[in-house]
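Engineer: Just one file: target_31.txt, with compact mmCIF, C-alpha atoms.
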# COMPACT_ATOMS: atom_id res chain seq x y z
CA MET P 1 -51.16 -43.40 -23.65
CA SER P 2 -51.14 -40.62 -26.17
CA GLU P 3 -51.00 -41.51 -29.83
CA ASN P 4 -48.11 -39.43 -31.07
CA ALA P 5 -45.84 -40.30 -28.16
CA ILE P 6 -42.55 -42.07 -28.73
CA LYS P 7 -42.57 -45.26 -26.69
CA THR P 8 -39.38 -46.68 -25.26
CA ASP P 9 -38.08 -48.55 -22.23
CA VAL P 10 -35.95 -45.81 -20.69
CA VAL P 11 -35.53 -42.09 -21.18
CA ILE P 12 -32.16 -40.77 -20.08
CA ILE P 13 -32.12 -37.06 -19.32
CA GLY P 14 -28.66 -35.78 -20.14
CA ALA P 15 -26.21 -37.02 -22.77
CA GLY P 16 -23.02 -36.39 -20.82
CA PRO P 17 -20.50 -39.18 -20.24
CA VAL P 18 -22.61 -40.85 -17.57
CA GLY P 19 -25.84 -40.71 -19.61
CA LEU P 20 -23.95 -42.18 -22.57
CA PHE P 21 -22.46 -45.01 -20.53
CA ALA P 22 -25.91 -45.75 -19.12
CA VAL P 23 -26.92 -46.61 -22.70
CA PHE P 24 -24.16 -49.23 -22.69
CA GLU P 25 -25.08 -50.82 -19.39
CA LEU P 26 -28.80 -50.79 -20.21
CA GLY P 27 -28.09 -52.13 -23.69
CA LEU P 28 -26.27 -55.14 -22.26
CA VAL P 29 -29.46 -56.08 -20.42
CA ASP P 30 -31.67 -55.51 -23.51
CA VAL P 31 -33.11 -52.21 -22.45
CA LYS P 32 -33.73 -49.59 -25.18
CA CYS P 33 -33.09 -45.90 -24.55
CA HIS P 34 -33.85 -42.43 -25.78
CA LEU P 35 -31.73 -39.53 -24.57
CA VAL P 36 -32.73 -35.89 -24.28
CA ASP P 37 -30.17 -33.11 -23.96
CA ILE P 38 -30.48 -29.34 -24.04
CA LEU P 39 -27.19 -29.00 -25.89
CA ASP P 40 -26.82 -29.64 -29.61
CA ARG P 41 -24.37 -32.54 -29.26
CA PRO P 42 -23.40 -35.31 -26.85
CA GLY P 43 -20.81 -34.92 -24.08
CA GLY P 44 -22.42 -32.53 -21.63
CA GLN P 45 -19.88 -30.56 -19.61
CA CYS P 46 -17.05 -32.57 -21.20
CA THR P 47 -17.67 -31.10 -24.63
CA GLU P 48 -19.35 -27.83 -23.60
CA LEU P 49 -16.88 -26.70 -20.96
CA TYR P 50 -13.59 -28.47 -21.61
CA PRO P 51 -13.46 -30.33 -24.95
CA GLU P 52 -9.70 -29.79 -25.22
CA LYS P 53 -8.80 -30.21 -21.56
CA PRO P 54 -7.10 -33.35 -20.32
CA ILE P 55 -8.86 -35.75 -17.94
CA TYR P 56 -6.43 -37.97 -16.01
CA ASP P 57 -8.71 -40.15 -13.92
CA VAL P 58 -10.66 -42.29 -16.32
CA PRO P 59 -9.47 -45.82 -15.51
CA GLY P 60 -7.27 -47.30 -18.21
CA LEU P 61 -6.79 -44.04 -20.07
CA THR P 62 -3.71 -42.18 -18.87
CA VAL P 63 -5.02 -38.98 -20.38
CA VAL P 64 -8.08 -38.24 -22.48
CA THR P 65 -9.73 -34.98 -23.51
CA GLY P 66 -13.40 -34.24 -22.89
CA GLN P 67 -14.09 -34.49 -26.61
CA GLU P 68 -12.17 -37.73 -27.06
CA LEU P 69 -13.88 -39.39 -24.11
CA THR P 70 -17.24 -38.42 -25.61
CA ASP P 71 -16.25 -39.72 -29.04
CA ARG P 72 -15.09 -43.00 -27.52
CA LEU P 73 -18.32 -43.42 -25.54
CA MET P 74 -20.40 -42.67 -28.65
CA ASP P 75 -18.45 -45.38 -30.44
CA GLN P 76 -18.85 -47.81 -27.55
CA ILE P 77 -22.65 -47.43 -27.44
CA LYS P 78 -23.18 -47.59 -31.19
CA PRO P 79 -24.40 -51.23 -31.13
CA PHE P 80 -27.38 -50.26 -28.96
CA GLY P 81 -28.98 -47.77 -31.35
CA ALA P 82 -30.06 -45.26 -28.74
CA GLU P 83 -31.94 -42.27 -30.11
CA PHE P 84 -30.99 -38.70 -29.27
CA HIS P 85 -33.18 -35.63 -28.93
CA PHE P 86 -30.82 -32.65 -28.87
CA ASN P 87 -31.59 -28.97 -28.26
CA GLN P 88 -34.44 -29.98 -26.00
CA ARG P 89 -35.13 -29.84 -22.32
CA VAL P 90 -37.55 -32.17 -20.57
CA ASP P 91 -40.07 -29.78 -19.08
CA SER P 92 -42.69 -32.02 -17.54
CA LEU P 93 -42.96 -35.46 -16.09
CA GLU P 94 -46.32 -37.16 -15.56
CA ARG P 95 -46.91 -40.46 -13.92
CA LEU P 96 -48.78 -43.04 -16.00
CA ASP P 97 -49.99 -46.45 -15.04
CA GLY P 98 -46.73 -48.40 -15.06
CA GLY P 99 -44.54 -45.63 -16.38
CA PHE P 100 -43.98 -42.01 -17.17
CA ARG P 101 -44.73 -39.45 -19.85
CA LEU P 102 -42.10 -36.80 -20.48
CA THR P 103 -42.69 -33.72 -22.59
CA THR P 104 -39.88 -31.52 -23.85
CA ASP P 105 -39.87 -27.80 -24.60
CA ALA P 106 -39.91 -28.77 -28.30
CA ASP P 107 -43.13 -30.75 -27.67
CA THR P 108 -41.53 -34.15 -28.07
CA VAL P 109 -43.54 -36.62 -26.02
CA LEU P 110 -41.81 -39.73 -24.71
CA GLU P 111 -43.46 -42.55 -22.81
CA CYS P 112 -41.28 -44.95 -20.89
CA LYS P 113 -41.19 -47.34 -17.98
CA VAL P 114 -38.07 -45.92 -16.36
CA VAL P 115 -36.54 -42.44 -16.18
CA VAL P 116 -32.82 -41.96 -15.62
CA ILE P 117 -31.76 -38.46 -14.64
CA ALA P 118 -28.13 -38.01 -15.66
CA ALA P 119 -28.31 -34.26 -15.84
CA GLY P 120 -24.94 -33.44 -14.25
CA GLY P 121 -24.90 -29.90 -12.92
CA GLY P 122 -28.33 -29.30 -14.40
CA SER P 123 -29.39 -28.03 -17.78
CA PHE P 124 -27.26 -25.48 -19.54
CA THR P 125 -29.18 -22.22 -19.67
CA PRO P 126 -28.13 -18.78 -20.90
CA LYS P 127 -26.46 -16.61 -18.29
CA ARG P 128 -28.58 -13.75 -17.03
CA PRO P 129 -26.51 -10.59 -16.51
CA PRO P 130 -26.97 -9.51 -12.87
CA LEU P 131 -28.49 -6.16 -13.84
CA PRO P 132 -31.07 -4.88 -11.36
CA GLY P 133 -34.63 -5.42 -12.60
CA ILE P 134 -33.70 -7.47 -15.68
CA GLU P 135 -36.41 -10.06 -14.89
CA GLN P 136 -39.23 -7.62 -15.68
CA TYR P 137 -37.98 -7.20 -19.26
CA GLU P 138 -37.38 -10.87 -20.04
CA GLY P 139 -39.58 -12.17 -22.84
CA THR P 140 -40.74 -8.68 -23.84
CA SER P 141 -37.54 -6.66 -24.30
CA VAL P 142 -34.72 -8.91 -23.14
CA PHE P 143 -34.14 -12.20 -24.96
CA TYR P 144 -31.42 -14.82 -24.48
CA SER P 145 -32.06 -16.56 -27.78
CA VAL P 146 -33.71 -15.81 -31.10
CA ARG P 147 -36.64 -18.08 -31.82
CA LYS P 148 -38.26 -15.99 -34.56
CA MET P 149 -36.35 -13.32 -36.44
CA GLU P 150 -39.53 -11.42 -37.27
CA ASN P 151 -39.95 -10.59 -33.58
CA PHE P 152 -37.10 -8.13 -34.10
CA LYS P 153 -38.41 -6.62 -37.32
CA ASP P 154 -38.33 -2.81 -37.34
CA ARG P 155 -37.08 -2.63 -33.77
CA ASP P 156 -34.03 -0.99 -32.23
CA VAL P 157 -31.89 -3.93 -31.19
CA LEU P 158 -28.88 -4.03 -28.86
CA ILE P 159 -26.75 -7.18 -28.92
CA VAL P 160 -24.24 -7.65 -26.09
CA GLY P 161 -21.31 -10.07 -26.18
CA GLY P 162 -18.28 -11.10 -28.20
CA GLY P 163 -18.74 -14.76 -29.06
CA ASP P 164 -20.23 -16.52 -32.04
CA SER P 165 -23.84 -16.12 -30.87
CA ALA P 166 -23.45 -12.35 -30.54
CA LEU P 167 -21.72 -12.00 -33.90
CA ASP P 168 -23.98 -14.41 -35.80
CA TRP P 169 -27.12 -12.67 -34.59
CA THR P 170 -25.63 -9.28 -35.34
CA LEU P 171 -25.13 -10.36 -38.95
CA ASN P 172 -28.51 -12.12 -39.21
CA LEU P 173 -30.67 -9.50 -37.55
CA GLN P 174 -29.07 -6.45 -39.18
CA PRO P 175 -31.22 -6.67 -42.35
CA VAL P 176 -34.38 -7.13 -40.26
CA ALA P 177 -33.97 -4.68 -37.41
CA LYS P 178 -34.65 -0.95 -37.62
CA SER P 179 -31.27 -0.31 -36.04
CA LEU P 180 -28.68 -2.64 -34.61
CA THR P 181 -25.95 -1.94 -32.09
CA LEU P 182 -23.34 -4.46 -31.01
CA LEU P 183 -21.79 -3.84 -27.62
CA HIS P 184 -18.71 -5.68 -26.41
CA ARG P 185 -16.30 -4.94 -23.60
CA ARG P 186 -13.26 -4.83 -25.90
CA PRO P 187 -12.51 -4.47 -29.63
CA GLU P 188 -11.19 -8.07 -29.82
CA PHE P 189 -13.60 -10.97 -30.30
CA ARG P 190 -13.39 -14.66 -29.65
CA ALA P 191 -15.94 -15.32 -32.40
CA ALA P 192 -14.97 -16.70 -35.81
CA PRO P 193 -12.66 -14.16 -37.51
CA ALA P 194 -14.75 -14.17 -40.71
CA SER P 195 -17.86 -13.04 -38.79
CA VAL P 196 -15.86 -10.38 -36.98
CA GLN P 197 -14.61 -9.03 -40.32
CA LYS P 198 -18.16 -8.95 -41.72
CA MET P 199 -19.34 -7.10 -38.61
CA TYR P 200 -16.57 -4.48 -38.97
CA ASP P 201 -17.48 -4.09 -42.66
CA LEU P 202 -21.12 -3.42 -41.75
CA ALA P 203 -20.03 -0.96 -39.07
CA GLU P 204 -17.82 0.87 -41.57
CA LYS P 205 -20.74 1.21 -43.99
CA GLY P 206 -22.87 2.54 -41.17
CA ASP P 207 -25.32 -0.40 -41.33
CA ILE P 208 -24.68 -1.25 -37.70
CA ASP P 209 -23.15 0.53 -34.76
CA PHE P 210 -20.35 -1.15 -32.82
CA LYS P 211 -19.61 0.15 -29.34
CA VAL P 212 -17.01 -0.86 -26.76
CA GLY P 213 -18.39 -0.97 -23.24
CA GLN P 214 -20.58 -2.79 -20.73
CA VAL P 215 -24.21 -2.38 -19.72
CA THR P 216 -24.60 -1.20 -16.13
CA GLU P 217 -28.30 -0.23 -15.90
CA LEU P 218 -31.61 -0.81 -17.65
CA HIS P 219 -34.30 1.84 -18.05
CA GLY P 220 -37.93 1.34 -18.99
CA GLU P 221 -41.35 0.63 -17.61
CA ASN P 222 -43.95 -2.15 -17.74
CA GLY P 223 -41.51 -4.62 -19.21
CA GLN P 224 -40.70 -2.32 -22.09
CA LEU P 225 -37.05 -1.34 -22.33
CA ARG P 226 -36.39 2.29 -23.30
CA ALA P 227 -32.63 2.63 -22.85
CA VAL P 228 -29.58 1.15 -21.18
CA THR P 229 -26.68 2.81 -19.42
CA ILE P 230 -23.36 1.87 -20.97
CA LYS P 231 -20.01 2.25 -19.27
CA GLY P 232 -17.46 2.70 -22.02
CA ALA P 233 -13.80 3.65 -22.16
CA ASP P 234 -14.73 7.31 -22.60
CA GLY P 235 -17.31 7.48 -19.86
CA THR P 236 -20.86 6.52 -19.08
CA PHE P 237 -23.76 7.28 -21.41
CA GLU P 238 -27.35 6.31 -22.10
CA HIS P 239 -28.16 4.34 -25.21
CA PRO P 240 -31.80 4.16 -26.37
CA THR P 241 -33.00 0.69 -27.38
CA GLU P 242 -36.21 -1.36 -27.42
CA VAL P 243 -34.61 -4.78 -27.31
CA MET P 244 -31.52 -6.25 -25.69
CA LEU P 245 -30.01 -9.64 -26.52
CA PRO P 246 -27.29 -10.55 -23.98
CA PHE P 247 -25.02 -13.44 -25.03
CA PHE P 248 -22.81 -14.30 -22.07
CA GLY P 249 -22.57 -18.04 -22.48
CA LEU P 250 -24.26 -20.76 -20.49
CA THR P 251 -24.56 -21.74 -16.88
CA MET P 252 -26.05 -24.82 -15.25
CA LYS P 253 -29.41 -24.74 -13.49
CA LEU P 254 -31.38 -27.63 -12.05
CA GLY P 255 -34.42 -26.50 -14.02
CA PRO P 256 -37.77 -28.30 -14.18
CA VAL P 257 -36.44 -31.43 -12.41
CA ALA P 258 -37.05 -29.47 -9.21
CA ASP P 259 -40.82 -29.68 -9.83
CA TRP P 260 -41.14 -33.41 -10.29
CA GLY P 261 -41.86 -34.26 -6.69
CA LEU P 262 -38.47 -35.82 -5.97
CA ASN P 263 -36.71 -35.33 -2.66
CA LEU P 264 -33.92 -32.82 -3.10
CA GLU P 265 -30.95 -31.83 -0.99
CA GLU P 266 -29.36 -28.53 -2.04
CA ASN P 267 -30.27 -29.04 -5.69
CA LEU P 268 -29.00 -32.62 -5.69
CA ILE P 269 -31.13 -35.75 -5.81
CA PRO P 270 -30.60 -38.21 -2.96
CA VAL P 271 -30.43 -41.85 -4.06
CA ASP P 272 -29.80 -45.22 -2.45
CA THR P 273 -26.41 -46.73 -3.21
CA ALA P 274 -27.62 -50.16 -4.28
CA LYS P 275 -29.82 -49.10 -7.20
CA PHE P 276 -29.30 -45.34 -7.45
CA GLU P 277 -33.04 -44.87 -7.40
CA THR P 278 -34.60 -41.62 -6.19
CA SER P 279 -37.44 -41.23 -3.72
CA GLU P 280 -39.77 -42.17 -6.61
CA GLN P 281 -39.90 -45.74 -7.82
CA GLY P 282 -38.76 -46.02 -11.44
CA ILE P 283 -36.86 -42.72 -11.44
CA PHE P 284 -33.10 -43.06 -11.08
CA ALA P 285 -30.42 -40.38 -10.73
CA ILE P 286 -26.80 -41.03 -11.68
CA GLY P 287 -23.67 -38.92 -12.04
CA ASP P 288 -23.05 -35.44 -10.67
CA ILE P 289 -26.74 -34.73 -10.05
CA ASN P 290 -27.17 -37.31 -7.29
CA THR P 291 -25.99 -37.39 -3.70
CA TYR P 292 -25.41 -40.11 -1.12
CA PRO P 293 -23.01 -40.54 1.78
CA GLY P 294 -19.46 -40.45 0.43
CA LYS P 295 -20.48 -39.21 -3.04
CA LEU P 296 -17.65 -38.04 -5.26
CA LYS P 297 -18.43 -36.11 -8.43
CA LEU P 298 -16.21 -38.20 -10.66
CA ILE P 299 -16.97 -39.57 -14.09
CA LEU P 300 -15.89 -43.01 -12.90
CA SER P 301 -18.39 -42.89 -10.02
CA GLY P 302 -21.13 -42.12 -12.55
CA PHE P 303 -20.12 -45.13 -14.63
CA HIS P 304 -20.42 -47.40 -11.59
CA GLU P 305 -23.80 -45.89 -10.74
CA ALA P 306 -24.99 -46.52 -14.31
CA ALA P 307 -24.07 -50.20 -14.07
CA LEU P 308 -26.00 -50.75 -10.83
CA MET P 309 -28.97 -48.69 -12.01
CA ALA P 310 -29.23 -50.90 -15.11
CA GLN P 311 -29.77 -54.01 -13.00
CA GLN P 312 -32.83 -52.56 -11.29
CA ALA P 313 -34.11 -50.92 -14.49
CA HIS P 314 -34.02 -54.35 -16.13
CA HIS P 315 -36.12 -55.69 -13.29
CA TYR P 316 -38.80 -53.02 -13.90
CA ILE P 317 -38.85 -53.55 -17.64
CA TYR P 318 -38.71 -57.36 -17.58
CA PRO P 319 -40.31 -58.21 -14.22
CA ASP P 320 -40.56 -61.91 -15.09
CA LYS P 321 -37.02 -62.37 -16.35
CA LYS P 322 -34.19 -63.33 -14.05
CA LEU P 323 -31.03 -61.43 -14.82
CA ILE P 324 -27.92 -63.59 -14.90
CA PHE P 325 -24.75 -61.63 -14.31
CA GLN P 326 -22.30 -62.02 -17.19
CA TYR P 327 -18.95 -60.66 -18.34
CA THR P 328 -18.47 -59.07 -21.77
CA THR P 329 -15.14 -60.89 -22.00
CA SER P 330 -16.64 -64.35 -21.95
CA SER P 331 -20.38 -64.18 -22.57
CA THR P 332 -21.45 -65.18 -26.07
CA SER P 333 -24.82 -63.47 -25.68
CA LEU P 334 -23.29 -60.16 -24.54
CA GLN P 335 -20.79 -60.29 -27.37
CA LYS P 336 -23.64 -60.81 -29.83
CA LYS P 337 -25.33 -57.67 -28.50
CA LEU P 338 -22.06 -55.80 -28.93
CA GLY P 339 -21.80 -57.08 -32.48
CA VAL P 340 -18.40 -58.63 -31.93
CA LYS P 341 -19.50 -62.26 -32.21
CA MET F 342 3.32 -20.18 2.38
CA ALA F 343 1.82 -16.98 1.07
CA LYS F 344 -0.90 -14.92 2.72
CA ILE F 345 -3.80 -13.90 0.47
CA THR F 346 -6.47 -11.40 1.44
CA PHE F 347 -9.90 -11.80 -0.11
CA ILE F 348 -12.13 -8.73 0.20
CA GLN F 349 -15.86 -9.21 -0.34
CA ASN F 350 -18.02 -6.62 -2.07
CA ASP F 351 -19.36 -5.54 1.36
CA GLY F 352 -15.82 -4.90 2.60
CA THR F 353 -15.37 -7.95 4.83
CA GLU F 354 -11.86 -9.30 4.65
CA ARG F 355 -10.55 -12.80 4.97
CA VAL F 356 -6.85 -13.65 5.13
CA VAL F 357 -5.88 -17.22 4.30
CA GLU F 358 -2.64 -19.14 3.96
CA ALA F 359 -2.02 -20.27 0.39
CA GLU F 360 0.25 -23.04 -0.70
CA PRO F 361 2.62 -22.09 -3.53
CA GLY F 362 1.76 -24.01 -6.70
CA MET F 363 -1.98 -23.94 -6.07
CA THR F 364 -4.13 -21.36 -7.82
CA VAL F 365 -5.82 -18.47 -6.07
CA MET F 366 -9.19 -20.08 -6.95
CA GLU F 367 -8.18 -23.41 -5.37
CA THR F 368 -7.02 -21.53 -2.29
CA ALA F 369 -10.38 -19.76 -2.04
CA VAL F 370 -12.36 -22.98 -2.47
CA LYS F 371 -10.18 -24.85 0.03
CA HIS F 372 -10.84 -22.19 2.66
CA GLY F 373 -14.50 -21.80 1.78
CA VAL F 374 -14.16 -18.16 0.70
CA GLN F 375 -17.60 -16.96 -0.37
CA GLY F 376 -18.20 -15.61 -3.85
CA ILE F 377 -15.77 -17.79 -5.80
CA ALA F 378 -18.10 -20.20 -7.56
CA ALA F 379 -15.57 -21.98 -9.80
CA GLU F 380 -18.35 -23.85 -11.56
CA CYS F 381 -16.03 -25.59 -14.05
CA GLY F 382 -13.50 -26.62 -11.42
CA GLY F 383 -10.60 -24.60 -12.75
CA ALA F 384 -10.65 -25.36 -16.47
CA CYS F 385 -10.79 -21.65 -17.44
CA ALA F 386 -14.19 -22.43 -18.90
CA CYS F 387 -16.82 -20.60 -16.89
CA ALA F 388 -15.63 -17.20 -15.60
CA THR F 389 -17.23 -17.74 -12.18
CA CYS F 390 -14.00 -17.23 -10.21
CA HIS F 391 -13.65 -13.61 -11.36
CA VAL F 392 -11.67 -11.32 -9.04
CA TYR F 393 -10.25 -7.80 -9.12
CA VAL F 394 -6.54 -7.77 -8.31
CA ASP F 395 -5.50 -4.92 -6.02
CA GLU F 396 -3.60 -2.25 -7.95
CA ALA F 397 -0.41 -2.81 -5.98
CA TRP F 398 -0.37 -6.46 -7.07
CA GLN F 399 -1.21 -6.18 -10.74
CA ALA F 400 2.41 -6.23 -11.90
CA ALA F 401 3.19 -9.29 -9.77
CA THR F 402 0.18 -11.30 -10.97
CA GLY F 403 0.71 -10.38 -14.63
CA THR F 404 -1.83 -10.04 -17.39
CA PRO F 405 -4.34 -12.58 -18.67
CA GLU F 406 -3.40 -14.82 -21.56
CA GLN F 407 -5.60 -14.93 -24.65
CA MET F 408 -7.84 -17.76 -23.40
CA GLU F 409 -8.43 -16.07 -20.05
CA GLU F 410 -9.13 -12.74 -21.77
CA ASP F 411 -11.70 -14.53 -23.99
CA MET F 412 -13.28 -16.16 -20.97
CA LEU F 413 -13.51 -12.81 -19.16
CA ASP F 414 -16.06 -11.87 -21.83
CA PHE F 415 -18.44 -14.10 -19.85
CA ALA F 416 -17.87 -12.22 -16.59
CA PHE F 417 -19.89 -9.28 -15.37
CA ASP F 418 -18.45 -5.80 -14.73
CA VAL F 419 -15.02 -6.54 -16.15
CA ARG F 420 -12.36 -3.96 -15.25
CA PRO F 421 -8.68 -3.52 -16.12
CA SER F 422 -7.86 -5.30 -12.83
CA SER F 423 -10.08 -8.30 -13.66
CA ARG F 424 -8.59 -11.79 -13.56
CA LEU F 425 -9.93 -15.31 -13.32
CA SER F 426 -8.51 -16.58 -10.05
CA CYS F 427 -8.07 -20.10 -11.45
CA GLN F 428 -5.38 -18.67 -13.72
CA ILE F 429 -3.28 -17.03 -10.99
CA LYS F 430 -0.72 -19.42 -9.54
CA VAL F 431 0.38 -18.75 -5.99
CA THR F 432 4.12 -18.16 -5.57
CA ASP F 433 6.15 -16.87 -2.63
CA ALA F 434 6.34 -13.57 -4.53
CA LEU F 435 2.57 -13.22 -4.08
CA ASP F 436 2.79 -13.28 -0.26
CA GLY F 437 0.43 -10.48 0.80
CA LEU F 438 -1.70 -10.54 -2.37
CA VAL F 439 -5.01 -8.71 -2.12
CA VAL F 440 -7.96 -9.55 -4.40
CA ARG F 441 -11.51 -8.24 -4.37
CA ILE F 442 -14.51 -10.39 -5.12
CA PRO F 443 -17.16 -8.90 -7.43
CA GLU F 444 -20.69 -8.34 -6.24
CA LYS F 445 -21.94 -11.16 -8.48
CA GLN F 446 -20.36 -14.00 -10.46
CA PHE F 447 -23.30 -14.00 -12.91
Give the structure from the file, written as structure tokens.
Structural biologist:
Amino acid sequence: MSENAIKTDVVIIGAGPVGLFAVFELGLVDVKCHLVDILDRPGGQCTELYPEKPIYDVPGLTVVTGQELTDRLMDQIKPFGAEFHFNQRVDSLERLDGGFRLTTDADTVLECKVVVIAAGGGSFTPKRPPLPGIEQYEGTSVFYSVRKMENFKDRDVLIVGGGDSALDWTLNLQPVAKSLTLLHRRPEFRAAPASVQKMYDLAEKGDIDFKVGQVTELHGENGQLRAVTIKGADGTFEHPTEVMLPFFGLTMKLGPVADWGLNLEENLIPVDTAKFETSEQGIFAIGDINTYPGKLKLILSGFHEAALMAQQAHHYIYPDKKLIFQYTTSSTSLQKKLGVK
Amino acid sequence: MAKITFIQNDGTERVVEAEPGMTVMETAVKHGVQGIAAECGGACACATCHVYVDEAWQAATGTPEQMEEDMLDFAFDVRPSSRLSCQIKVTDALDGLVVRIPEKQF
């Protein structure tokens, strides 16, 4: 076991509603968890895609929004002190003697006995505009995020999009870049009005260039972008640039999970319906990411799967202990764990 | 019932019966029309059910509301006829509607 690794019973990949409820079910059987999520906050699709939208099929709650359900789950799991690693994606999984070692793209190393994949539709990754040949420029001229601002120092930068990422990076990179152009399909923005105002002020002073239009073609060679073709309201023209930063939101991709040696069926992970374990002992899959006969992608199904998974996970973590089934309503020991007794 | 014609980027056409009250996206998904991903399930949160409404039908389908217009920022090759099909409700008045599916939904 490596020295700087965080050691825990279970690592849950994905902090959506099902991953969060797994903390509860595992907590009731004395299993400690760490969660890793690529987003910067809990809730998964519920908070990323529809925080304000109503959900009508969570038992006992006539209507609840994605954000409220997440807040309630966070409150419900508070007694179990799970630890969160946000803005990180689990990139590799290695098998150890009696467990697993997971390493994230932020170099966090976690060692655990059980892995629970609750990754929903996969990890949220930036959308790649379907421009022919864009792959060859990625990492050299086309970037979907800014890791180091100095990479853009003294370069001609084109930012595409109209949300907060596009506007924030326009404002932040303008002092660094040689030239900066913001391209958006319309003069209205969904980004914070204050940022939009600042951008228009910079454009007025001539510090940046704001254009209305859409990129239709990329031009360059050997991974080095030279120009893009822009279709604007007044026609099509070529715009010279060395760097393009497209900000078109996020989409879900299965990601590195595909390389962990698990059986897969059309990007879903088949599990048994007694334990929700994958083809690999000690690796479970719950929620939207799994598949089995009759599977429904419902939050409530994920909750059920979490409860059954926890029984088997307990068995792996405490092989000598017999688990006695108890109700939270009447069990003194469960109520102690919940901090209500 | 209303008939809706979905035209793929390669020109292939598919005519399906739509139930008034459902959305054009739901109709497409129900009939397995290719090219309507509807990743978010109709929450106007993903822009993967992008369609181009035939010119003759633009008045009948109306214009996008603010939220839909914002979400169209996430679509590729947006045109004046662009709509998110999860935001078009089928009515009897839309019997005969023609929509085109973009080459890619991102």
Engineer: Segment 305-310 of chain P: which residues within 7 Å, counting only C-alpha atoms, same-chain residues fewer than 6 positions away excluded, as a count of residues only?
Structural biologist: 9
Engineer: Taking all atoms listed in the file into account, produce a table as a tab-separated table in which each residue of chain P with an atom at most 8 Å from an atom of chain F appears once, together with its shortest atom pair and the distance in Å to one decimal, ordered by chain and rising number.
Structural biologist:
residue	atom	partner	partner_atom	distance
P:Leu49	CA	F:Ala386	CA	5.5
P:Tyr50	CA	F:Ala386	CA	6.6
P:Lys53	CA	F:Ala384	CA	7.3
P:Lys127	CA	F:Phe447	CA	6.8
P:Arg128	CA	F:Phe447	CA	6.7
P:Pro129	CA	F:Phe447	CA	5.9
P:Pro130	CA	F:Phe447	CA	5.8
P:Gly161	CA	F:Asp414	CA	7.1
P:Gly162	CA	F:Asp414	CA	6.8
P:Arg185	CA	F:Asp414	CA	7.2
P:Phe189	CA	F:Asp411	CA	7.5
P:Arg190	CA	F:Asp411	CA	5.9
P:Gln214	CA	F:Asp418	CA	7.0
P:Thr216	CA	F:Asp418	CA	7.8
P:Phe248	CA	F:Phe415	CA	4.9
P:Gly249	CA	F:Phe415	CA	6.3
P:Thr251	CA	F:Cys387	CA	7.8
Engineer: Give me the residues near Leu425 of chain F as an MDAnalysis selection string, where near means some atom within 7 Å (using only C-alpha atoms) and where sequence neighbours in that chain fewer than 6 positions away do not count.
Structural biologist: chainID F and resid 388 390:392 409
Engineer: Between F:Ala397, F:Ile348, F:Met366, F:Ala359, which one has atoms that come closest to Asp436 of chain F, using all atoms listed in the file?
Structural biologist: F:Ala359
Engineer: I'd like the neighbourhood of Gln349 of chain F as an MDAnalysis selection string, where a residue qualifies if any of its atoms comes within 9 Å (using only C-alpha atoms), though same-chain residues fewer than 5 positions away should be ignored.
Structural biologist: chainID F and resid 354:355 375:376 440:444
Engineer: Assuming 8 Å of padding per side, give the centre and edge lengths of the axis-aligned box around every listed atom of segment 349-354 of chain F, in Å to one decimal and as JSON.
Structural biologist:
{"center_x": -15.6, "center_y": -7.1, "center_z": 1.4, "size_x": 23.5, "size_y": 20.4, "size_z": 22.9}
Engineer: Which value, in Å to one decimal, gives the distance between atom CA of Val90 of chain P and atom CA of Pro17 of chain P?
Structural biologist: 18.4 Å
Engineer: Rounded to one decimal place, report the atom CA of Gln45 of chain P-atom CA of Ala379 of chain F distance in Å.
Structural biologist: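 So the answer is 13.7 Å.
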Engineer: Give me, please, the distance in Å between atom CA of Phe80 of chain P and atom CA of Asp272 of chain P, quoted to one decimal.
Structural biologist: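 Between atom CA of Phe80 of chain P and atom CA of Asp272 of chain P the gap works out to 27.1 Å.
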Engineer: So, with all atoms listed in the file as the atoms that count, which of F:Lys371, F:Thr402, F:Asn350, F:Val394 lies closest to Val431 of chain F?
Structural biologist: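 The answer is F:Thr402, which sits nearest to Val431 of chain F.
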Engineer: List as an NGL selection string the protein and nucleic acid residues near segment 253-266 of chain P, meaning an atom at most 8 Å away when only C-alpha atoms are counted, but skip any in the same chain fewer than 6 places from it.
Structural biologist: :P and (90-93 or 121-125 or 278-280 or 291)
Engineer: I want to know what sits within 10 Å of segment 230-245 of chain P, based on only C-alpha atoms, with residues of the same chain fewer than 3 positions away left out; could you give that as a VMD selection string?
Structural biologist: (chain P and resid 137 to 146 152 155 to 161 165 to 166 169 to 170 179 to 186 211 to 220 224 to 227 248) or (chain F and resid 418)
Engineer: Go ahead and find all residues with at least one atom no further than 8 Å from (-25.7, -32.0, -10.1) in the file's coordinates, using all atoms listed in the file; report them as a PDB file with C-alpha atoms, in the coordinates of the input.
Structural biologist:
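Writing the result to point14.pdb gives the following:
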ATOM      1  CA  ALA P 119     -28.310 -34.260 -15.840  1.00  0.00           C
ATOM      2  CA  GLY P 120     -24.940 -33.440 -14.250  1.00  0.00           C
ATOM      3  CA  GLY P 121     -24.900 -29.900 -12.920  1.00  0.00           C
ATOM      4  CA  GLY P 122     -28.330 -29.300 -14.400  1.00  0.00           C
ATOM      5  CA  LEU P 254     -31.380 -27.630 -12.050  1.00  0.00           C
ATOM      6  CA  ASN P 267     -30.270 -29.040  -5.690  1.00  0.00           C
ATOM      7  CA  LEU P 268     -29.000 -32.620  -5.690  1.00  0.00           C
ATOM      8  CA  ILE P 269     -31.130 -35.750  -5.810  1.00  0.00           C
ATOM      9  CA  GLY P 287     -23.670 -38.920 -12.040  1.00  0.00           C
ATOM     10  CA  ASP P 288     -23.050 -35.440 -10.670  1.00  0.00           C
ATOM     11  CA  ILE P 289     -26.740 -34.730 -10.050  1.00  0.00           C
ATOM     12  CA  ASN P 290     -27.170 -37.310  -7.290  1.00  0.00           C
TER      13      ASN P 290
END
